[in-house]
Amino acid sequence: MIEAIGLTKRYGRTVAVDDLSFTVQPGRVTGFLGPNGAGKSTTMRMILGLDRPTAGRVLIDGKPYAELNRPLRTVGALLDAKWVHPNRSARAHLRWLAKSNGLPDKRVDAVLEAVGLTQVARKKAGGFSLGMSQRLGIAAALLGDPEVLLFDEPVNGLDPEGILWIRTFMQNLASEGRTVLVSSHLLSEMALTASELVVIGKGKLITQSSTAEFIDRSTGNSVVVRSPQLFKLGPLLVDKGFTVRDGDDGALSVSGATSDQIGDIAAANGVVLHELSPQRGSLEEAFMQLTGDAVEYHAEIGK
Amino acid sequence: MIQAVRLRKHYGRTKAVDDLSFTVKPGRVTGFLGPNGAGKSTTMRMVLGLDTPTNGDVTIDGKHYAELKEPLRKVGALLDAKWTHPNRSARSHLKWMAVSNKIPLKRVDEVLEIVGLAEVANKKAGGFSLGMSQRLGIAGALLGDPEVLLFDEPVNGLDPEGILWIRQFMHRLADEGRTVFVSSHLLSEMAQTAQDLIVIGKGQLIAQTTTEQFISDATQDHVRVRSPHALKLREILAASATVTEDAVNGALVVHGLPAPQIGEIAAENQIVLHELSPQRGSLEEAFMQLTKESVEYHAH
Amino acid sequence: MTLLAVERIKLFSTRSPYWCTALALALGVGLTAIIAGTTDNGQMSIGLTQFGSSQLALAVVLVMSALAVTTEYRFSTIRATFLAVPNRTSALVAKTVVVAFIAAVLGEIIAFGSWGLAKVMSPASDLAINTGAEWRHVAGVGLLYGIGAVLAIAVGILVRQTAGAVAILLVWNMLLEGLIGIIPKVGVKIQAWLPFQNANHFLALPGGDPAEQPGAGIDFKLSQWGSLAYFAGIAIALLVVALIVAKRRDA
């Protein structure tokens, strides 16, 4: 578990992170979102003890990073895939990391295997493509079999197979009960990966909620209903005060109700459903709505 | 229009591009997909005359890139945002490009404005973040107001607003009748951006079709089902369909049974449904299905 | 003309040419100042005024010229250049012309700057430029720089890496051609056909003190202007090779 309490970081007069409090729970993938300059990287660096907070604190399982005994065994992080000496082999890079935290060499081979780099383990990291470097960075993060994992733009440079792999991989880590915090700008990717979100803007918390809730809250939603007994279901829904409109090819479009409510009503009245699809907005729409004025560079849309 | 005819590029024994033919039409955003090492970058470089094909031909509106007079007015390309001198300012970078193709200098300020870099125009490109470099690269591509645009990973380093902006921008360029050719690994992004697709693997063409067709050809539709009695429903459905669980929200994912039938089964068994939504396959699934054979590194 | 303007913008929108110019000036003129300061008033000669310009500052100009292309490869701006101007030969020729012209102008500034400074510091010395040989010795420096720049650009295009190109040029100019003279008998004969030795031969003042004349003791087969033409010929031949290679090579 990661806990930030009143976390603040100032550089001179610039406030990069401003009284930020949030909790990252174990057992799920939590997305960390925000426009450029929102303070995501600074926050990640403070979690890892690389930057010192001006005020407040951030704890990992109750302790600041610096107080962790053998930190790699508690926290694994991938912040920048290029933090590797170009002339050192992938294996040598992981070996010194392992040594520094008293981890056995066989763990090195295990993580190389896990990320699919076994074949190139003895090659120099300087010759790796961005995708391979990214995998090496992930291998390093996994080395100490940590409870808490931090990833910054993990799909950067990966090809479609790599992207699918890392997404599944992070979800598996979470389902093993680990805490996984992922920062990314790729919202369509995050919508598939993260079940929880921490969204910040201008250094402040905008919201912390589940992904579904985040989207539902900020985008207008309706539910498409199909049934051979719509003549019966329609009036029931109107009676409950929901707005019901005719949709495409004989379906109903219901707003003001959740699909759960409609499903319950249908079941209670013995109505067979042929479709019950919540029309969700996209994470992107929701994000744009909520972070509207927290953006650093505005390009002119439509010019 | 970009036309590749039996394009080949061999490096010694390695066939980076092997007998590749395709057409990129104007008025559409065409996605260019393929696993790492499939030959996408090499192909784009051959389109732009940077690499010479071993064999075959690629033309832009019937001409080779090298035959274009003032090529930046015809073709704009963003292949790598880092192709700038770190000590040169954004404006100087665009200025020499403009002068070389006799583009009026006021266009430099225009494109800087369009991509949102006007404020940092006189700063050195070396100090730019990846996102800002990317915007500078896009500005360079737009400089000559070209009919044909090539982008390689355009959203690289952009933040969500930048990603939305470039997507809308590409759509607008295509709507104006321009040819837009975009290479990317981000399939969830490409699904929203590209109307047509050219998919290659191991240097060869795997598919050239519309995005919609590509997905429906390679994937099965499925149905997402949520229910307070999910366990019971799963058991019943498992008899006649494949049922898995969505890792993000725990919904059931049912392959092999249409939604109305699932609805009937639920009703028969007095199972309350909270969601019953037919889903189309994703571009990612379709892509994985078709490129299985041509992937460079397999992780476990 | 357009391409020349393009290369001019590229060259002067980064800092390295300014630094190299300043360094070349400091070394060329500075060395003359030191020599003039340590030589008794009245003992300075025209030959001594050009000691810095023809040796040290030339090295800096070679480096500056090579950098003009190797940095393009280093930062991949060469690709942006070839996208804007797909005719690679004209793009690279334009760059060569601009850099060579600047090098030549810089050469004249350093040569006459050194000479002028010596005149001020050592007013009693006879530094009047009278003979054709004396004119050639001072004004010829610019020509040498211009041709040297062409040669350096050719090497830069071929090697593409700053470190490699600079090493080749400096070792060649400052070490290799001199060392060949050590080989008994043949060495001096070979030297008579080496480009930088011929360049020095072009500048040589007849009857000057042999100790202060580089290339002394070599039996050149060419006249002094012939040596310059030979130096230029080698530079242009190398550039032609480089242009052909650049045209064929994937960018």
# chains A, B, ... in the order shown; residues from 1 in each chain; ligands from 1
$ interface_residues --of "chain B" --to "chain A" --cutoff "7 Å" --atoms "only C-alpha atoms" --output "PyMOL selection string"
chain B and resi 35-36+114-116+159-160+165+169+185-189+248-249+259-260+263-264+267+272-277+297-300
$ residues_around --residues "Thr23 of chain A" --least-positions-apart "2" --cutoff "9 Å" --atoms "only C-alpha atoms" --output "ChimeraX atom specification"
/A:1-5,21,25,198,208
$ residues_around --residues "Val97 of chain C" --least-positions-apart "6" --cutoff "10 Å" --atoms "only C-alpha atoms" --output "list in words"
Leu4, Glu7, Ala103, Gly146, Ala149 and Val150 of chain C
$ closest_residue --among "A:Gly127, A:Gly256, A:Pro235, A:Pro146" --to "Arg70 of chain A" --atoms "only C-alpha atoms"
A:Pro146
$ select_by_dssp --residues "segment 55-256 of chain A" --states "alpha helix (DSSP H)" --output "PyMOL selection string"
chain A and resi 90-100+105-115+130-142+160-175+187-193+211-218+230-239
$ write_last_selection --atoms "C-alpha atoms" --output "PDB file, in the first residue's frame"
ATOM      1  CA  ALA A  90      21.575  -6.930 -19.283  1.00  0.00           C
ATOM      2  CA  ARG A  91      22.588  -9.717 -16.938  1.00  0.00           C
ATOM      3  CA  ALA A  92      25.463  -7.757 -15.355  1.00  0.00           C
ATOM      4  CA  HIS A  93      23.132  -4.814 -14.782  1.00  0.00           C
ATOM      5  CA  LEU A  94      20.656  -7.008 -12.918  1.00  0.00           C
ATOM      6  CA  ARG A  95      23.411  -8.815 -11.025  1.00  0.00           C
ATOM      7  CA  TRP A  96      24.792  -5.728  -9.369  1.00  0.00           C
ATOM      8  CA  LEU A  97      21.269  -4.615  -8.510  1.00  0.00           C
ATOM      9  CA  ALA A  98      20.606  -8.056  -7.019  1.00  0.00           C
ATOM     10  CA  LYS A  99      23.852  -8.005  -5.037  1.00  0.00           C
ATOM     11  CA  SER A 100      23.061  -4.605  -3.572  1.00  0.00           C
ATOM     12  CA  ASP A 105      21.737 -14.721  -8.856  1.00  0.00           C
ATOM     13  CA  LYS A 106      19.093 -17.229  -9.803  1.00  0.00           C
ATOM     14  CA  ARG A 107      16.535 -14.503  -9.323  1.00  0.00           C
ATOM     15  CA  VAL A 108      18.309 -12.596 -12.105  1.00  0.00           C
ATOM     16  CA  ASP A 109      17.750 -15.444 -14.542  1.00  0.00           C
ATOM     17  CA  ALA A 110      14.175 -15.819 -13.365  1.00  0.00           C
ATOM     18  CA  VAL A 111      13.278 -12.196 -14.128  1.00  0.00           C
ATOM     19  CA  LEU A 112      15.118 -12.247 -17.457  1.00  0.00           C
ATOM     20  CA  GLU A 113      13.004 -15.253 -18.352  1.00  0.00           C
ATOM     21  CA  ALA A 114       9.846 -13.507 -17.133  1.00  0.00           C
ATOM     22  CA  VAL A 115      10.360 -10.542 -19.456  1.00  0.00           C
ATOM     23  CA  LEU A 130      13.582   1.043 -26.592  1.00  0.00           C
ATOM     24  CA  GLY A 131      11.237  -1.912 -26.254  1.00  0.00           C
ATOM     25  CA  MET A 132      14.008  -4.198 -25.042  1.00  0.00           C
ATOM     26  CA  SER A 133      15.298  -1.542 -22.631  1.00  0.00           C
ATOM     27  CA  GLN A 134      11.781  -1.260 -21.323  1.00  0.00           C
ATOM     28  CA  ARG A 135      11.684  -4.996 -20.679  1.00  0.00           C
ATOM     29  CA  LEU A 136      15.038  -4.796 -18.914  1.00  0.00           C
ATOM     30  CA  GLY A 137      13.700  -2.005 -16.746  1.00  0.00           C
ATOM     31  CA  ILE A 138      10.708  -4.166 -15.882  1.00  0.00           C
ATOM     32  CA  ALA A 139      13.034  -7.075 -15.077  1.00  0.00           C
ATOM     33  CA  ALA A 140      14.900  -4.812 -12.673  1.00  0.00           C
ATOM     34  CA  ALA A 141      11.646  -3.751 -11.036  1.00  0.00           C
ATOM     35  CA  LEU A 142      10.684  -7.392 -10.489  1.00  0.00           C
ATOM     36  CA  PRO A 160       1.519  -4.382 -29.808  1.00  0.00           C
ATOM     37  CA  GLU A 161       2.520  -7.759 -28.448  1.00  0.00           C
ATOM     38  CA  GLY A 162       4.677  -6.094 -25.790  1.00  0.00           C
ATOM     39  CA  ILE A 163       1.831  -3.761 -24.851  1.00  0.00           C
ATOM     40  CA  LEU A 164      -0.597  -6.646 -24.432  1.00  0.00           C
ATOM     41  CA  TRP A 165       2.048  -8.550 -22.499  1.00  0.00           C
ATOM     42  CA  ILE A 166       2.772  -5.770 -20.006  1.00  0.00           C
ATOM     43  CA  ARG A 167      -0.922  -5.068 -19.501  1.00  0.00           C
ATOM     44  CA  THR A 168      -1.645  -8.692 -18.679  1.00  0.00           C
ATOM     45  CA  PHE A 169       1.518  -8.822 -16.614  1.00  0.00           C
ATOM     46  CA  MET A 170       0.506  -5.856 -14.459  1.00  0.00           C
ATOM     47  CA  GLN A 171      -2.973  -7.265 -13.978  1.00  0.00           C
ATOM     48  CA  ASN A 172      -1.459 -10.575 -12.882  1.00  0.00           C
ATOM     49  CA  LEU A 173       0.814  -8.815 -10.408  1.00  0.00           C
ATOM     50  CA  ALA A 174      -2.216  -7.057  -8.963  1.00  0.00           C
ATOM     51  CA  SER A 175      -4.245 -10.238  -8.766  1.00  0.00           C
ATOM     52  CA  LEU A 187      -5.838   6.918 -21.748  1.00  0.00           C
ATOM     53  CA  SER A 188      -7.231   4.349 -24.160  1.00  0.00           C
ATOM     54  CA  GLU A 189      -4.572   1.987 -22.833  1.00  0.00           C
ATOM     55  CA  MET A 190      -5.208   2.908 -19.194  1.00  0.00           C
ATOM     56  CA  ALA A 191      -8.922   2.298 -19.621  1.00  0.00           C
ATOM     57  CA  LEU A 192      -8.028  -1.316 -20.386  1.00  0.00           C
ATOM     58  CA  THR A 193      -5.430  -1.653 -17.633  1.00  0.00           C
ATOM     59  CA  THR A 211     -12.202   3.828 -13.393  1.00  0.00           C
ATOM     60  CA  ALA A 212     -15.849   3.003 -14.044  1.00  0.00           C
ATOM     61  CA  GLU A 213     -17.049   5.533 -11.495  1.00  0.00           C
ATOM     62  CA  PHE A 214     -14.709   8.172 -12.859  1.00  0.00           C
ATOM     63  CA  ILE A 215     -16.117   7.765 -16.342  1.00  0.00           C
ATOM     64  CA  ASP A 216     -19.754   7.542 -15.245  1.00  0.00           C
ATOM     65  CA  ARG A 217     -19.484  10.631 -13.097  1.00  0.00           C
ATOM     66  CA  SER A 218     -18.214  12.941 -15.777  1.00  0.00           C
ATOM     67  CA  LEU A 230     -40.313  -3.653 -24.519  1.00  0.00           C
ATOM     68  CA  PHE A 231     -44.023  -2.707 -24.593  1.00  0.00           C
ATOM     69  CA  LYS A 232     -44.139  -3.908 -21.010  1.00  0.00           C
ATOM     70  CA  LEU A 233     -40.716  -2.677 -19.847  1.00  0.00           C
ATOM     71  CA  GLY A 234     -40.967   0.806 -21.392  1.00  0.00           C
ATOM     72  CA  PRO A 235     -43.890   2.048 -19.278  1.00  0.00           C
ATOM     73  CA  LEU A 236     -42.367   0.492 -16.133  1.00  0.00           C
ATOM     74  CA  LEU A 237     -39.212   2.530 -16.670  1.00  0.00           C
ATOM     75  CA  VAL A 238     -41.193   5.700 -17.364  1.00  0.00           C
ATOM     76  CA  ASP A 239     -43.136   5.152 -14.111  1.00  0.00           C
TER      77      ASP A 239
END
$ atom_distance --atom1 "atom CA of Thr23 of chain B" --atom2 "atom CA of Ser100 of chain B"
29.0 Å
$ residues_around --residues "segment 194-197 of chain C" --least-positions-apart "2" --cutoff "6 Å" --atoms "only C-alpha atoms" --output "JSON, numbers by chain"
{"C": [191, 192, 199, 200, 215, 231]}
$ closest_atom_pairs --of "chain C" --to "chain B" --cutoff "9 Å" --atoms "only C-alpha atoms" --output "Markdown table"
| residue | atom | partner | partner_atom | distance |
| --- | --- | --- | --- | --- |
| C:Thr2 | CA | B:Ser100 | CA | 6.1 |
| C:Leu3 | CA | B:Ser100 | CA | 6.0 |
| C:Ala5 | CA | B:Val99 | CA | 7.4 |
| C:Val6 | CA | B:Trp96 | CA | 5.1 |
| C:Glu7 | CA | B:Trp96 | CA | 7.6 |
| C:Arg8 | CA | B:Trp96 | CA | 8.7 |
| C:Ile9 | CA | B:Trp96 | CA | 5.9 |
| C:Lys10 | CA | B:Trp96 | CA | 6.4 |
| C:Ser13 | CA | B:Arg88 | CA | 5.5 |
| C:Thr14 | CA | B:Arg88 | CA | 5.2 |
| C:Arg15 | CA | B:Asn87 | CA | 6.9 |
| C:Ser16 | CA | B:Asn87 | CA | 8.9 |
| C:Thr71 | CA | B:His85 | CA | 7.9 |
| C:Glu72 | CA | B:His85 | CA | 7.6 |
| C:Arg74 | CA | B:His85 | CA | 8.9 |
| C:Phe75 | CA | B:His85 | CA | 5.8 |
| C:Ser76 | CA | B:Trp83 | CA | 5.0 |
| C:Thr77 | CA | B:Trp83 | CA | 4.9 |
| C:Ile78 | CA | B:Trp83 | CA | 8.1 |
| C:Arg79 | CA | B:Leu50 | CA | 7.0 |
| C:Ala80 | CA | B:Trp83 | CA | 6.6 |
| C:Thr81 | CA | B:Met97 | CA | 7.8 |
| C:Phe82 | CA | B:Leu50 | CA | 7.1 |
| C:Leu83 | CA | B:Leu48 | CA | 6.8 |
| C:Ala84 | CA | B:Leu72 | CA | 5.9 |
| C:Val85 | CA | B:Ser100 | CA | 7.0 |
| C:Pro86 | CA | B:Ala66 | CA | 4.9 |
| C:Asn87 | CA | B:Ala66 | CA | 6.5 |
| C:Arg248 | CA | B:Thr52 | CA | 7.8 |
| C:Arg249 | CA | B:Asp51 | CA | 7.6 |
| C:Asp250 | CA | B:Asp51 | CA | 4.4 |
| C:Ala251 | CA | B:Leu50 | CA | 5.1 |
$ select_by_dssp --residues "segment 80-262 of chain A" --states "strand (DSSP E)" --output "PyMOL selection string"
chain A and resi 148-152+179-183+196-201+204-210+222-226+243-246+252-255
$ residues_around --residues "segment 163-176 of chain C" --least-positions-apart "4" --cutoff "8 Å" --atoms "only C-alpha atoms" --output "ChimeraX atom specification"
/C:59,62-63,66,70,152,155-156,159,180,196
$ write_last_selection --atoms "C-alpha atoms" --output "compact mmCIF listing (two decimals), in the first residue's frame"
# COMPACT_ATOMS: atom_id res chain seq x y z
CA ALA C 59 43.74 22.71 -37.47
CA LEU C 62 39.58 21.73 -40.28
CA VAL C 63 37.75 20.66 -37.13
CA ALA C 66 34.24 18.58 -40.30
CA THR C 70 29.32 15.30 -38.58
CA ALA C 152 37.54 18.30 -44.01
CA VAL C 155 36.23 13.41 -44.64
CA GLY C 156 33.24 14.33 -42.45
CA VAL C 159 33.29 9.09 -41.72
CA ILE C 180 56.65 10.07 -43.26
CA PHE C 196 49.31 19.32 -46.61
$ residues_around --residues "Ala100 of chain C" --least-positions-apart "5" --cutoff "12 Å" --atoms "only C-alpha atoms" --output "PyMOL selection string"
chain C and resi 4+7-8+61-62+64-66+68+92-95+105-107+142-154+232+235-236
$ atom_distance --atom1 "atom CA of Asn55 of chain B" --atom2 "atom CA of Leu205 of chain B"
15.8 Å
$ residues_around --residues "Asp57 of chain B" --least-positions-apart "6" --cutoff "9 Å" --atoms "only C-alpha atoms" --output "PyMOL selection string"
chain B and resi 3-8+21+46-47+64
$ atom_distance --atom1 "atom CA of Gly49 of chain A" --atom2 "atom CA of Ala66 of chain A"
6.1 Å
$ decode --residues "segment 147-177 of chain A" --atoms "N, CA and C atoms" --output "compact mmCIF listing (two decimals), in the first residue's frame"
# COMPACT_ATOMS: atom_id res chain seq x y z
N GLU A 147 6.38 -6.18 -3.21
CA GLU A 147 4.95 -6.08 -2.94
C GLU A 147 4.35 -4.88 -3.67
N VAL A 148 5.18 -3.88 -3.87
CA VAL A 148 4.70 -2.63 -4.45
C VAL A 148 5.46 -2.36 -5.74
N LEU A 149 4.71 -2.07 -6.82
CA LEU A 149 5.37 -1.80 -8.11
C LEU A 149 4.93 -0.48 -8.69
N LEU A 150 5.92 0.28 -9.17
CA LEU A 150 5.63 1.58 -9.79
C LEU A 150 6.11 1.54 -11.23
N PHE A 151 5.25 1.95 -12.14
CA PHE A 151 5.65 2.00 -13.55
C PHE A 151 5.33 3.37 -14.10
N ASP A 152 6.29 3.95 -14.81
CA ASP A 152 6.04 5.23 -15.46
C ASP A 152 6.06 4.98 -16.97
N GLU A 153 4.96 5.21 -17.63
CA GLU A 153 4.81 4.96 -19.08
C GLU A 153 5.39 3.60 -19.48
N PRO A 154 4.87 2.52 -18.95
CA PRO A 154 5.52 1.23 -19.21
C PRO A 154 5.42 0.76 -20.66
N VAL A 155 4.44 1.22 -21.43
CA VAL A 155 4.30 0.69 -22.79
C VAL A 155 5.14 1.45 -23.81
N ASN A 156 5.80 2.51 -23.32
CA ASN A 156 6.67 3.30 -24.17
C ASN A 156 7.63 2.43 -24.98
N GLY A 157 7.55 2.51 -26.29
CA GLY A 157 8.50 1.79 -27.14
C GLY A 157 8.16 0.33 -27.35
N LEU A 158 7.13 -0.16 -26.70
CA LEU A 158 6.77 -1.57 -26.90
C LEU A 158 5.90 -1.71 -28.15
N ASP A 159 5.98 -2.87 -28.76
CA ASP A 159 5.12 -3.11 -29.91
C ASP A 159 3.81 -3.73 -29.42
N PRO A 160 2.84 -3.95 -30.30
CA PRO A 160 1.52 -4.38 -29.81
C PRO A 160 1.58 -5.63 -28.91
N GLU A 161 2.42 -6.57 -29.27
CA GLU A 161 2.52 -7.76 -28.45
C GLU A 161 3.08 -7.40 -27.06
N GLY A 162 4.08 -6.54 -27.05
CA GLY A 162 4.68 -6.09 -25.79
C GLY A 162 3.67 -5.34 -24.93
N ILE A 163 2.83 -4.54 -25.57
CA ILE A 163 1.83 -3.76 -24.85
C ILE A 163 0.82 -4.70 -24.20
N LEU A 164 0.35 -5.67 -24.97
CA LEU A 164 -0.60 -6.65 -24.43
C LEU A 164 0.06 -7.42 -23.29
N TRP A 165 1.33 -7.79 -23.51
CA TRP A 165 2.05 -8.55 -22.50
C TRP A 165 2.15 -7.77 -21.18
N ILE A 166 2.57 -6.52 -21.26
CA ILE A 166 2.77 -5.77 -20.01
C ILE A 166 1.45 -5.50 -19.32
N ARG A 167 0.38 -5.31 -20.11
CA ARG A 167 -0.92 -5.07 -19.50
C ARG A 167 -1.36 -6.30 -18.70
N THR A 168 -1.27 -7.45 -19.35
CA THR A 168 -1.65 -8.69 -18.68
C THR A 168 -0.74 -8.93 -17.47
N PHE A 169 0.52 -8.63 -17.67
CA PHE A 169 1.52 -8.82 -16.61
C PHE A 169 1.18 -7.99 -15.38
N MET A 170 0.83 -6.73 -15.59
CA MET A 170 0.51 -5.86 -14.46
C MET A 170 -0.77 -6.34 -13.77
N GLN A 171 -1.72 -6.77 -14.57
CA GLN A 171 -2.97 -7.26 -13.98
C GLN A 171 -2.72 -8.54 -13.17
N ASN A 172 -1.80 -9.38 -13.65
CA ASN A 172 -1.46 -10.58 -12.88
C ASN A 172 -0.77 -10.22 -11.57
N LEU A 173 0.13 -9.25 -11.63
CA LEU A 173 0.81 -8.82 -10.41
C LEU A 173 -0.21 -8.34 -9.38
N ALA A 174 -1.19 -7.57 -9.87
CA ALA A 174 -2.22 -7.06 -8.96
C ALA A 174 -3.06 -8.20 -8.40
N SER A 175 -3.38 -9.17 -9.26
CA SER A 175 -4.24 -10.24 -8.77
C SER A 175 -3.50 -11.14 -7.77
N GLU A 176 -2.18 -11.06 -7.75
CA GLU A 176 -1.42 -11.76 -6.71
C GLU A 176 -1.42 -10.99 -5.39
N GLY A 177 -2.12 -9.85 -5.39
CA GLY A 177 -2.24 -9.08 -4.16
C GLY A 177 -1.22 -7.96 -4.02
